[in-house]
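**Q** Okay, handing you the structure first.
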Amino acid sequence: MEEPDDFLRAVEAVLFVSEQPLTLTELKLHVGEAGDLPSVLATLSDHYAGRGINLVERGGRWHFETAADLAHILRREKDETRKLSRAAMETLAIIAYHEPVSRAEIEAIRGVQVAKGTLDVLMEAGWVRPAGRREVPGRPLIYATTLEFLSHFGLSSRRDLPGIDDLRAAGLLDPVDLALEGLGAQSVVENDEEEA
Amino acid sequence: MEEPDDFLRAVEAVLFVSEQPLTLTELKLHVGEAGDLPSVLATLSDHYAGRGINLVERGGRWHFETAADLAHILRREKDETRKLSRAAMETLAIIAYHEPVSRAEIEAIRGVQVAKGTLDVLMEAGWVRPAGRREVPGRPLIYATTLEFLSHFGLSSRRDLPGIDDLRAAGLLDPVDLALEGLGAQSVVENDEEEA
Amino acid sequence: MPRPETLTVSFESWEGPLDLLLALARTQKVDLREISILALVEQYLAYIEGARKLKLELAADYLVMAAWLAYLKSALLLPREAQPEPSPEELALRLQLRLQRLQAMREAGARLMARDRIGRDVFVREKPEGLRLVRKAKWAASLFDLIQSYGQIRARTQPVVHMVAVRPVMTLDEAIQRVGTLVGAAIDWTALEAFLPTGQDGPMARSALASSFVAALELARQGRLEIQQEGIFEPIFLRAAVPEPSAGRLL
């Protein structure tokens with residue numbers, strides 16, 4: 001490799017520290033006129049081609065940037081397991097049982113407004129997708145579950161979801177007061193054990 | 001020139017975009033374990049030696065910086081390094097060459113009290129940090145230099161401090177009492193208390 | 001030797017007496033190891049004297065140092081056998097060592113400052129893009145969570161049909177009747193549970209126990225039976241009331 005001369009080294013260093021891409025004129029303000037700037041830029045650009053950093057020209061301005069194929073390395077991903085909020089869980093359940101549903105329909109079933117972030121979270125998780133629009137006034141977006149949803153929850157199809165009767169049999173549809181009574185009895189037993 | 005492999009390119013790119021110098025461990029978080037990192041860093045460092053940008057190691061952390069001889073081109077009028085007072089300069093040198101040292105030890109060398117702002121200025125610059133307490137009566141705070149100190153002054157480690165080996169060999173980093181003992185001065189030991 | 005007056009800088013520029021001594025020592029233009037301490041003492045005392053003549057205000061530590069140096073000078077000039085402890089030679093050596101150390105650090109500081117410093121001599125990128133740590137959420141949710149949520153929504157939002165559950169109960173009248181009859185047959189203390197109908201469980205057993213207890217209280221109020229309990233949560237015993245003469249007197 002040719003020994004880099006001081007003019008080239010100066011151009012390299014100026015481009016390295018610069019906050020923004022530089023035009024030839026701006027570069028000259030720093031490095032002066034002691035060399036053939038366009039040819040030095042071409043040499044540098046060749047030198048950096050194929051390296052982790054490239055010297056590129058965009059609209060007459062030069063700057064260093066990382067090679068495009070390395071982008072994935074510069075963003076390190078870290079998995080964080082988080083629990084889905086109750087609102088998100090309920091929204092997901094409604095979509096799963098009633099799909100395709102619009103947001104308004106979800107709200108009608110839940111009896112509570114659906115926050116904007118809730119559907120985003122479910123879509124980001126890959127479990128819910130927009131599934132077109134309902135052909136009614138306002139043409140609202142409708143939502144459905146994804147294949148990923150099925151595989152995450154171990155379902156071969158939505159028909160595997162337990163029906164209302166199954167839920168009732170499992171006590172999951174118990175009116176709230178009876179369910180509470182059950183809880184109360186349980187907690188009494190626990191307290192007794194603690195005292196013993 | 002050898003064709004750079006993807007591991008080297010990744011290391012190059014990561015160091016280029018990083019906001020601070022990186023340790024080997026930090027680098028590995030991004031580039032993985034697919035290559036021999038120390039050898040790749042050595043290769044890169046060789047490659048950039050003599051160019052406008054250099055890859056340097058400071059206190060175990062790597063970063064790119066411009067070559068020192070190009071300072072006149074890159075230094076801008078607005079870049080005015082705040083000049084340290086003579087007291088701060090001496091105090092910094094004492095901490096760097098003797099670390100860890102207590103305030104009393106700094107004062108013993110300088111023959112004056114350490115003015116209130118002096119240590120603050122050095123800590124604010126990020127060059128000095130409290131490094132615990134000396135286990136002697138009064139448990140005085142002791143001070144040491146930081147990694148930032150090494151990078152700022154272009155030192156790979158404290159062993160690179162200018163002239164530190166000569167100073168140590170000449171006994172100039174030992175306390176006066178120790179030096180007197182070393183000189184074999186008779187009837188010295190009992191009179192240590194006299195030293196203020 | 002240059003006149004001490006050539007150091008015309010005001011005292012404000014000295015960082016204490018040791019600093020002044022070092023500056024004076026350097027005017028001797030020899031290595032600090034070969035410096036004449038006696039000459040240095042003379043220089044310092046002359047300098048202080050000069051400052052006094054100019055009516056400069058001197059900080060106390062300069063005067064303390066002057067006094068100490070005057071003592072050192074006289075000790076150094078004393079005949080050898082009259083020397084006090086520690087020896088003036090040792091004191092002079094200490095002073096010399098301290099000057100050397102201060103000088104060493106002053107030079108080290110200057111060399112440090114002269115290094116290629118980031119932001120002054122070498123530069124790092126002005127605005128690096130930075131490495132990003134992207135947190136990718138993995139959501140934890142099980143099928144049970146899903147169907148339980150759905151069940152809760154349905155339970156919460158379905159029109160609630162109120163059905164009064166028919167619960168098996170023993171009424172208080174029934175209990176009074178029953179306990180009243182049975183206690184007459186019991187001569188000795190008998191546990192409350194013995195008065196309950198057998199073969200009951202669940203809600204009916206609980207109802208019978210509660211009603212029988214209240215019945216016992218009512219019957220005791222009427223003076224038809226007596227209740228005894230050893231302590232809290234201990235078994236409750238009942239027996240038919242035995243009329244006592246003493247009780248009658250009190251009434």
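Chain identifiers are assigned as A, B, and so on, following the order in which chains appear in the structure tokens; residues are numbered from 1 within each chain, and ligands are numbered from 1 in order of appearance.
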Using only C-alpha atoms, find the residues of chain C whose closest atom to chain A is at most 8 Å away, then write them as an MDAnalysis selection string.

**A** chainID C and resid 123:127 131:143 145:157 160

**Q** Keeping only N, CA, C and O atoms, write those residues as a short mmCIF file (atom, residue, chain, number, x, y, z; two decimals), in the first residue's frame.

**A**
```cif
data_model
loop_
_atom_site.label_atom_id
_atom_site.label_comp_id
_atom_site.auth_asym_id
_atom_site.auth_seq_id
_atom_site.Cartn_x
_atom_site.Cartn_y
_atom_site.Cartn_z
N PHE C 123 -8.54 14.27 18.00
CA PHE C 123 -9.98 14.50 18.04
C PHE C 123 -10.71 13.19 17.80
O PHE C 123 -10.25 12.34 17.03
N VAL C 124 -11.84 13.08 18.47
CA VAL C 124 -12.68 11.92 18.21
C VAL C 124 -13.88 12.42 17.41
O VAL C 124 -14.05 13.63 17.23
N ARG C 125 -14.69 11.52 16.93
CA ARG C 125 -15.81 11.94 16.09
C ARG C 125 -16.73 12.87 16.87
O ARG C 125 -17.04 12.65 18.04
N GLU C 126 -17.18 13.88 16.18
CA GLU C 126 -17.99 14.92 16.81
C GLU C 126 -19.34 14.36 17.25
O GLU C 126 -19.78 14.59 18.36
N LYS C 127 -19.97 13.64 16.36
CA LYS C 127 -21.31 13.12 16.67
C LYS C 127 -21.42 11.67 16.22
O LYS C 127 -22.01 11.37 15.20
N LEU C 131 -23.95 3.12 19.45
CA LEU C 131 -24.41 1.74 19.32
C LEU C 131 -25.75 1.65 20.02
O LEU C 131 -25.91 2.17 21.09
N ARG C 132 -26.66 0.98 19.39
CA ARG C 132 -27.99 0.93 19.99
C ARG C 132 -28.28 -0.44 20.57
O ARG C 132 -27.96 -1.46 19.97
N LEU C 133 -28.86 -0.39 21.71
CA LEU C 133 -29.34 -1.62 22.32
C LEU C 133 -30.85 -1.62 22.14
O LEU C 133 -31.56 -0.81 22.70
N VAL C 134 -31.32 -2.50 21.27
CA VAL C 134 -32.75 -2.53 21.00
C VAL C 134 -33.37 -3.60 21.89
O VAL C 134 -33.01 -4.77 21.82
N ARG C 135 -34.26 -3.17 22.73
CA ARG C 135 -34.92 -4.16 23.58
C ARG C 135 -36.11 -4.73 22.85
O ARG C 135 -37.01 -4.02 22.45
N LYS C 136 -36.07 -6.01 22.63
CA LYS C 136 -37.16 -6.65 21.92
C LYS C 136 -38.00 -7.39 22.95
O LYS C 136 -37.50 -8.28 23.63
N ALA C 137 -39.24 -6.98 23.03
CA ALA C 137 -40.08 -7.58 24.05
C ALA C 137 -40.54 -8.97 23.62
O ALA C 137 -40.97 -9.16 22.49
N LYS C 138 -40.37 -9.90 24.51
CA LYS C 138 -40.98 -11.21 24.30
C LYS C 138 -42.13 -11.27 25.27
O LYS C 138 -41.93 -11.13 26.47
N TRP C 139 -43.32 -11.46 24.73
CA TRP C 139 -44.47 -11.39 25.63
C TRP C 139 -44.76 -12.74 26.23
O TRP C 139 -44.79 -13.75 25.54
N ALA C 140 -44.96 -12.71 27.51
CA ALA C 140 -45.30 -13.95 28.20
C ALA C 140 -46.81 -14.00 28.33
O ALA C 140 -47.42 -13.12 28.93
N ALA C 141 -47.42 -14.99 27.73
CA ALA C 141 -48.87 -15.15 27.85
C ALA C 141 -49.18 -16.60 27.50
O ALA C 141 -48.68 -17.12 26.52
N SER C 142 -49.96 -17.24 28.35
CA SER C 142 -50.29 -18.64 28.09
C SER C 142 -51.72 -18.74 27.60
O SER C 142 -52.50 -17.79 27.68
N LEU C 143 -52.06 -19.91 27.09
CA LEU C 143 -53.43 -20.14 26.62
C LEU C 143 -54.41 -19.96 27.78
O LEU C 143 -55.49 -19.41 27.62
N ASP C 145 -54.09 -17.91 30.32
CA ASP C 145 -54.30 -16.47 30.50
C ASP C 145 -55.36 -15.97 29.53
O ASP C 145 -56.22 -15.16 29.86
N LEU C 146 -55.25 -16.49 28.30
CA LEU C 146 -56.13 -16.03 27.23
C LEU C 146 -57.58 -16.39 27.53
O LEU C 146 -58.47 -15.53 27.52
N ILE C 147 -57.82 -17.67 27.83
CA ILE C 147 -59.22 -18.07 28.01
C ILE C 147 -59.76 -17.55 29.33
O ILE C 147 -60.93 -17.22 29.46
N GLN C 148 -58.88 -17.41 30.32
CA GLN C 148 -59.33 -16.85 31.59
C GLN C 148 -59.79 -15.40 31.38
O GLN C 148 -60.81 -14.98 31.90
N SER C 149 -59.02 -14.67 30.59
CA SER C 149 -59.39 -13.28 30.30
C SER C 149 -60.75 -13.24 29.61
O SER C 149 -61.60 -12.41 29.94
N TYR C 150 -60.90 -14.15 28.66
CA TYR C 150 -62.15 -14.14 27.93
C TYR C 150 -63.32 -14.45 28.86
O TYR C 150 -64.35 -13.80 28.83
N GLY C 151 -63.10 -15.45 29.71
CA GLY C 151 -64.12 -15.80 30.69
C GLY C 151 -64.49 -14.61 31.57
O GLY C 151 -65.66 -14.34 31.83
N GLN C 152 -63.47 -13.86 31.98
CA GLN C 152 -63.73 -12.70 32.85
C GLN C 152 -64.53 -11.64 32.12
O GLN C 152 -65.42 -11.01 32.70
N ILE C 153 -64.18 -11.44 30.84
CA ILE C 153 -64.93 -10.42 30.09
C ILE C 153 -66.40 -10.84 30.00
O ILE C 153 -67.31 -10.05 30.24
N ARG C 154 -66.61 -12.10 29.66
CA ARG C 154 -67.99 -12.58 29.49
C ARG C 154 -68.72 -12.49 30.82
O ARG C 154 -69.86 -12.04 30.88
N ALA C 155 -68.04 -12.90 31.89
CA ALA C 155 -68.68 -12.86 33.19
C ALA C 155 -69.02 -11.43 33.58
O ALA C 155 -70.04 -11.15 34.20
N ARG C 156 -68.17 -10.52 33.18
CA ARG C 156 -68.32 -9.11 33.57
C ARG C 156 -69.41 -8.43 32.76
O ARG C 156 -70.13 -7.58 33.24
N THR C 157 -69.51 -8.81 31.49
CA THR C 157 -70.35 -8.01 30.60
C THR C 157 -71.67 -8.67 30.24
O THR C 157 -72.57 -8.01 29.76
N VAL C 160 -76.48 -10.00 33.75
CA VAL C 160 -76.43 -10.90 34.90
C VAL C 160 -77.85 -11.34 35.25
O VAL C 160 -78.74 -10.51 35.41
#
```

**Q** Can you pull out every residue from range 87-220 of chain C that DSSP, working from the backbone, puts in strand (DSSP E), and format the result as a list of chain:residue names?

**A**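 Selecting the strand (DSSP E) positions of range 87-220 of chain C gives C:Arg132, C:Leu133, C:Val134, C:Arg135, C:Lys136, C:Ala137, C:Lys138, C:Trp139, C:Ala140, C:Thr190, C:Ala191.
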
**Q** Show me, as an MDAnalysis selection string, every residue of chain A with an atom at most 12 Å from chain B, counting only C-alpha atoms.

**A** chainID A and resid 1:18 27:32 44 47:54 64:78

**Q** Using only C-alpha atoms, which protein or nucleic acid residues come within 7 Å of range 195-201 of chain C? Drop anything in the same chain fewer than 6 positions from it, and give the result as a PyMOL selection string.

**A** chain C and resi 179+182+208-209

**Q** Now that the selection is made, can you save its residues with N, CA and C atoms as a PDB file, in the first residue's frame?

**A**
```pdb
ATOM      1  N   VAL C 179     -82.479 -27.709  70.521  1.00  0.00           N
ATOM      2  CA  VAL C 179     -81.514 -27.629  71.617  1.00  0.00           C
ATOM      3  C   VAL C 179     -82.261 -27.673  72.962  1.00  0.00           C
ATOM      4  N   LEU C 182     -83.210 -31.250  73.690  1.00  0.00           N
ATOM      5  CA  LEU C 182     -82.083 -32.146  73.927  1.00  0.00           C
ATOM      6  C   LEU C 182     -81.364 -31.820  75.228  1.00  0.00           C
ATOM      7  N   ALA C 208     -76.568 -25.297  60.787  1.00  0.00           N
ATOM      8  CA  ALA C 208     -77.046 -25.930  62.021  1.00  0.00           C
ATOM      9  C   ALA C 208     -76.191 -25.496  63.206  1.00  0.00           C
ATOM     10  N   LEU C 209     -74.857 -25.454  62.974  1.00  0.00           N
ATOM     11  CA  LEU C 209     -73.943 -25.055  64.054  1.00  0.00           C
ATOM     12  C   LEU C 209     -74.214 -23.619  64.481  1.00  0.00           C
TER      13      LEU C 209
END
```

**Q** Using only C-alpha atoms, which residues sit within 8 Å of Gln43 in chain C once same-chain residues fewer than 3 positions away are excluded, as a ChimeraX atom specification?

**A** /C:4,24,39-40,46-47

**Q** Please identify which residues in range 15-244 of chain C DSSP calls alpha helix (DSSP H) from the backbone, and express them as a ChimeraX atom specification.

**A** /C:17-26,37-53,60-77,88-113,143-157,172-185,203-221

**Q** Report as a ChimeraX atom specification all protein, DNA and RNA residues lying within 7 Å of Val128 in chain A, evaluated on only C-alpha atoms, omitting residues in the same chain fewer than 6 positions from it.

**A** /A:122,143-146

**Q** How would the residues just picked look written out with N, CA, C and O atoms as a PDB file, in the first residue's frame?

**A**
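Saved the output as result.pdb:
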```pdb
ATOM      1  N   LEU A 122     -49.984  -5.826  20.573  1.00  0.00           N
ATOM      2  CA  LEU A 122     -50.377  -7.146  20.062  1.00  0.00           C
ATOM      3  C   LEU A 122     -49.858  -7.363  18.646  1.00  0.00           C
ATOM      4  O   LEU A 122     -49.462  -8.471  18.286  1.00  0.00           O
ATOM      5  N   TYR A 143     -59.553  -6.484  12.793  1.00  0.00           N
ATOM      6  CA  TYR A 143     -58.357  -7.211  13.230  1.00  0.00           C
ATOM      7  C   TYR A 143     -58.614  -8.700  13.350  1.00  0.00           C
ATOM      8  O   TYR A 143     -59.732  -9.132  13.648  1.00  0.00           O
ATOM      9  N   ALA A 144     -57.580  -9.476  13.104  1.00  0.00           N
ATOM     10  CA  ALA A 144     -57.673 -10.924  13.246  1.00  0.00           C
ATOM     11  C   ALA A 144     -56.364 -11.438  13.836  1.00  0.00           C
ATOM     12  O   ALA A 144     -55.387 -10.695  13.949  1.00  0.00           O
ATOM     13  N   THR A 145     -56.346 -12.692  14.243  1.00  0.00           N
ATOM     14  CA  THR A 145     -55.114 -13.269  14.795  1.00  0.00           C
ATOM     15  C   THR A 145     -54.236 -13.798  13.665  1.00  0.00           C
ATOM     16  O   THR A 145     -54.687 -13.942  12.527  1.00  0.00           O
ATOM     17  N   THR A 146     -53.015 -14.109  13.988  1.00  0.00           N
ATOM     18  CA  THR A 146     -52.036 -14.573  12.996  1.00  0.00           C
ATOM     19  C   THR A 146     -51.729 -16.055  13.227  1.00  0.00           C
ATOM     20  O   THR A 146     -52.122 -16.636  14.247  1.00  0.00           O
TER      21      THR A 146
END
```

**Q** Just to confirm, what's the straight-line distance from CA of Leu72 in chain C to CA of Arg52 in chain C in Å (one decimal)?

**A** 20.8 Å

**Q** So how far away is CA of Arg26 in chain C from CA of Lys55 in chain C, in Å?

**A** 25.7 Å

**Q** Residues near Gln177 in chain C, anyone? I mean within 10 Å using only C-alpha atoms, not counting same-chain ones fewer than 4 positions away, as a ChimeraX atom specification.

**A** /C:171-173,181-182,212,215,219

**Q** For a test of reading the model, state the distance in Å between CA of Arg103 in chain A and CA of Glu135 in chain A, rounded to one decimal.

**A**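 It comes out at 14.1 Å.
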